[in-house]
Protein chains: 2
Amino acid sequence: MTGSERQLLSGVLAGDVRSVARACRMVDESWPGHLELLASLFPHTLASWWIGVTGSPGVGKSTLTSRLVQHLRSAGTRVGVVAVDPSSPFTGGALLGDRIRMQAHWQDPGVFIRSVATRGALGGLSRTTADVARVLSAGGAEVVLIETVGVGQDELEVMHVAHTTLVVQAPGAGDDLQAAKAGLLECADVFAVNKADLPGAESAAQHLRGMLALTRSSAGAPAGHAGHAAHRAAQEARAPAESGDWEVPVLSCIAQRDEGIGPLLEALQQHRTWLNGSAHGQARIRARSHRELIALLRERLGELLLERHQEQIEQLAERVSRGELDPYGAVQVLIRTAGLG
Amino acid sequence: MTGSERQLLSGVLAGDVRSVARACRMVDESWPGHLELLASLFPHTLASWWIGVTGSPGVGKSTLTSRLVQHLRSAGTRVGVVAVDPSSPFTGGALLGDRIRMQAHWQDPGVFIRSVATRGALGGLSRTTADVARVLSAGGAEVVLIETVGVGQDELEVMHVAHTTLVVQAPGAGDDLQAAKAGLLECADVFAVNKADLPGAESAAQHLRGMLALTRSSAGAPAGHAGHAAHRAAQEARAPAESGDWEVPVLSCIAQRDEGIGPLLEALQQHRTWLNGSAHGQARIRARSHRELIALLRERLGELLLERHQEQIEQLAERVSRGELDPYGAVQVLIRTAGLG
């Protein structure tokens, strides 16, 4: 570690805002030394609690996130916010301005806010979401809120990064996204029905409770799809089948008017207590570490081979594009070259 | 290759429907020997043309796909359809019934239809989409239509799998998905404005043409985001900057009434001619091979290490979840163990 890297590390640990911002950029853009920095920060991140806030566009995620920040701050808690923005696969740039709505908190030194861009090639949630959340935690954030875009995969993936996943719904919104909803039901640790003053809010909450009861009674059925050990592990750690399990609560709120936020925070806190205090909660935490390790491993290996065998990879791709070699054979050649075959 | 694997291979190459269906299942579920099968099929897939059909839910992708199948069949062309379904990350199962609308074609031996499920962990488009398209091609499909769900990343990812990407729009639909649209503009090889009888269709087409003209005039600007060589390569291969480049046409149609499908197919065919006949088209094809190779490589390496070091990975994950070890350090340990460090 160079002198400036050591300085950055101690700056982050002291909660210096500029150091935290610089470290976020460093991990988001994979600067040299970012893995060493993350490793050094890790022991200082373990007490932090990460809450994923997900749900379809238009349900009021940003407003609700902003309210949660406000309530946590009133209690003296230091908060980080990671906002995951969608992006063109070309520019890698952020397109939505959600964070602007958070600007009330920008002046508060007890709140760290950071946007990360989703990257097309790697699925919905940014690869760096967990790394950025880790920097904010090491910088002093006791709670990190991870706000997703709510489109496609990132809605579901946030559950693998966050300790606790809050799924936000609103009456009448996103009716054409039933498929995504089906997955959301199983992602949620806590449901919030926002805009509870609108017609249909109570029936939406009832509907959710009914669906959740149905899921509980069918838990313990065989998992169905073979070969997905990590999925199964996560499922087993979540599917309630015996006493001591977590029952997903459904709470109503009106974020715009600051109504119902206190009880929502309490429900989230109860989930945290359950996570830390129960065998099922501990299994969830282990499954989360396992999943992160595999993801990091795949990525690091890909990078290693790309660095070392760049020229060969390009030659092989050329031959595949001319139809002289099949891509499966090309991968075998590379794996042998790397001494792994 | 075992006797039954050889039998399967020759069955697929003979266009036997049961063999094709079995081979699709084999690659979709990663049965032993599926990579060898795909390698053997590869030389027989090179003449096939893959068209991605993407766009937001509700624009009429399925109806349009069905019409394209019908027109191609009238011309005697053998067609494959890969329908990418959304799924819960838990069940891995298909949720939408789009393929039911295709049932008019199920009785036609010149049409192969196969659904694949998206898998949460791997982003929007299924990992196996290209493999299944390859099986259909080897089974005799001269054209393979890949119909996406149109939610989140899969809209964009299909451009990396297909030779030609058709983006379908409809007046008034999906206005809240501007962010995704911005990416779609750069994905499209051909735009179809469907439901052209609805109000606003002509202005939607005009708006698209205006946006495309804007994109063309700004092409050649610096790429912006560093460290994304594959993205840049794909972009360079697409961004028109000199003569001989592809200009994205915008066509109107009414799939429901079978209007405008002929000209649309002609525009798609012109893109294919451009791909095969121009330097830029050839660069696109190389970039596509390069991308597939990297994706396969990452996946295969991950599997190899998971198989060989399963116990160690679980022990390391356990230590990470207890906070005794950071995940970045754990990955270093694994890479050293594998002899790669």
# chains A, B, ... in the order shown; residues from 1 in each chain; ligands from 1
>>> residues_around(residues="segment 70-75 of chain B", least_positions_apart="3", cutoff="9 Å", atoms="only C-alpha atoms", output="MDAnalysis selection string")
chainID B and resid 65:67 78:79 105 110:111 143 261:262 265
>>> closest_residue(among="B:Leu68, B:Ala39, B:Leu208, B:Leu264", to="chain A", atoms="only C-alpha atoms")
B:Ala39
>>> residues_around(residues="segment 8-12 of chain B", least_positions_apart="2", cutoff="12 Å", atoms="only C-alpha atoms", output="PDB file with C-alpha atoms, in the first residue's frame")
ATOM      1  CA  MET B   1     -19.085 -39.125 -27.003  1.00  0.00           C
ATOM      2  CA  THR B   2     -21.344 -42.034 -26.025  1.00  0.00           C
ATOM      3  CA  GLY B   3     -23.523 -43.933 -28.494  1.00  0.00           C
ATOM      4  CA  SER B   4     -26.667 -42.142 -27.386  1.00  0.00           C
ATOM      5  CA  GLU B   5     -24.915 -38.773 -27.683  1.00  0.00           C
ATOM      6  CA  ARG B   6     -23.880 -39.623 -31.240  1.00  0.00           C
ATOM      7  CA  ALA B  14     -31.336 -34.557 -39.589  1.00  0.00           C
ATOM      8  CA  GLY B  15     -33.856 -32.051 -38.207  1.00  0.00           C
ATOM      9  CA  ASP B  16     -35.674 -34.642 -36.093  1.00  0.00           C
ATOM     10  CA  VAL B  17     -38.024 -32.666 -33.853  1.00  0.00           C
ATOM     11  CA  ARG B  18     -37.664 -34.933 -30.814  1.00  0.00           C
ATOM     12  CA  SER B  19     -33.887 -34.861 -31.015  1.00  0.00           C
ATOM     13  CA  VAL B  20     -33.900 -31.063 -31.325  1.00  0.00           C
ATOM     14  CA  ALA B  21     -36.192 -30.763 -28.297  1.00  0.00           C
ATOM     15  CA  ARG B  22     -34.012 -33.128 -26.271  1.00  0.00           C
ATOM     16  CA  ALA B  23     -30.816 -31.295 -27.273  1.00  0.00           C
ATOM     17  CA  CYS B  24     -32.416 -27.962 -26.281  1.00  0.00           C
ATOM     18  CA  ARG B  25     -33.207 -29.372 -22.873  1.00  0.00           C
ATOM     19  CA  MET B  26     -29.710 -30.809 -22.598  1.00  0.00           C
ATOM     20  CA  GLY B  33     -21.814 -33.776 -22.550  1.00  0.00           C
ATOM     21  CA  HIS B  34     -23.717 -30.660 -23.566  1.00  0.00           C
ATOM     22  CA  GLU B  36     -19.303 -31.515 -26.639  1.00  0.00           C
ATOM     23  CA  LEU B  37     -22.686 -31.584 -28.362  1.00  0.00           C
ATOM     24  CA  LEU B  38     -22.613 -27.812 -28.917  1.00  0.00           C
ATOM     25  CA  ALA B  39     -19.064 -28.012 -30.275  1.00  0.00           C
ATOM     26  CA  SER B  40     -20.115 -30.714 -32.750  1.00  0.00           C
ATOM     27  CA  LEU B  41     -23.160 -28.727 -33.833  1.00  0.00           C
ATOM     28  CA  PHE B  42     -21.275 -25.440 -34.276  1.00  0.00           C
ATOM     29  CA  HIS B  44     -23.655 -26.586 -38.915  1.00  0.00           C
ATOM     30  CA  THR B  45     -24.966 -23.319 -37.459  1.00  0.00           C
ATOM     31  CA  PHE B 112     -39.043 -24.972 -33.981  1.00  0.00           C
ATOM     32  CA  ARG B 134     -27.500 -22.844 -31.938  1.00  0.00           C
ATOM     33  CA  VAL B 135     -29.333 -26.145 -31.486  1.00  0.00           C
ATOM     34  CA  LEU B 136     -32.300 -24.834 -33.494  1.00  0.00           C
ATOM     35  CA  SER B 137     -29.911 -23.639 -36.230  1.00  0.00           C
ATOM     36  CA  ALA B 138     -28.150 -27.004 -36.416  1.00  0.00           C
ATOM     37  CA  GLY B 139     -31.586 -28.636 -36.552  1.00  0.00           C
ATOM     38  CA  GLY B 140     -32.309 -26.760 -39.753  1.00  0.00           C
ATOM     39  CA  ALA B 141     -33.628 -23.322 -38.768  1.00  0.00           C
TER      40      ALA B 141
END
>>> closest_residue(among="A:Val81, A:His163, A:Arg209, A:Gln256", to="chain B", atoms="only C-alpha atoms")
A:His163
>>> residues_around(residues="Gly281 of chain B", least_positions_apart="4", cutoff="9 Å", atoms="only C-alpha atoms", output="ChimeraX atom specification")
/B:237-238,245-246,271-277,285-286
>>> closest_residue(among="A:Pro109, A:Leu185, A:Leu340, A:Leu35", to="Leu212 of chain A", atoms="only C-alpha atoms")
A:Leu185
>>> atom_distance(atom1="atom CA of Val59 of chain A", atom2="atom CA of Gly55 of chain B")
22.5 Å
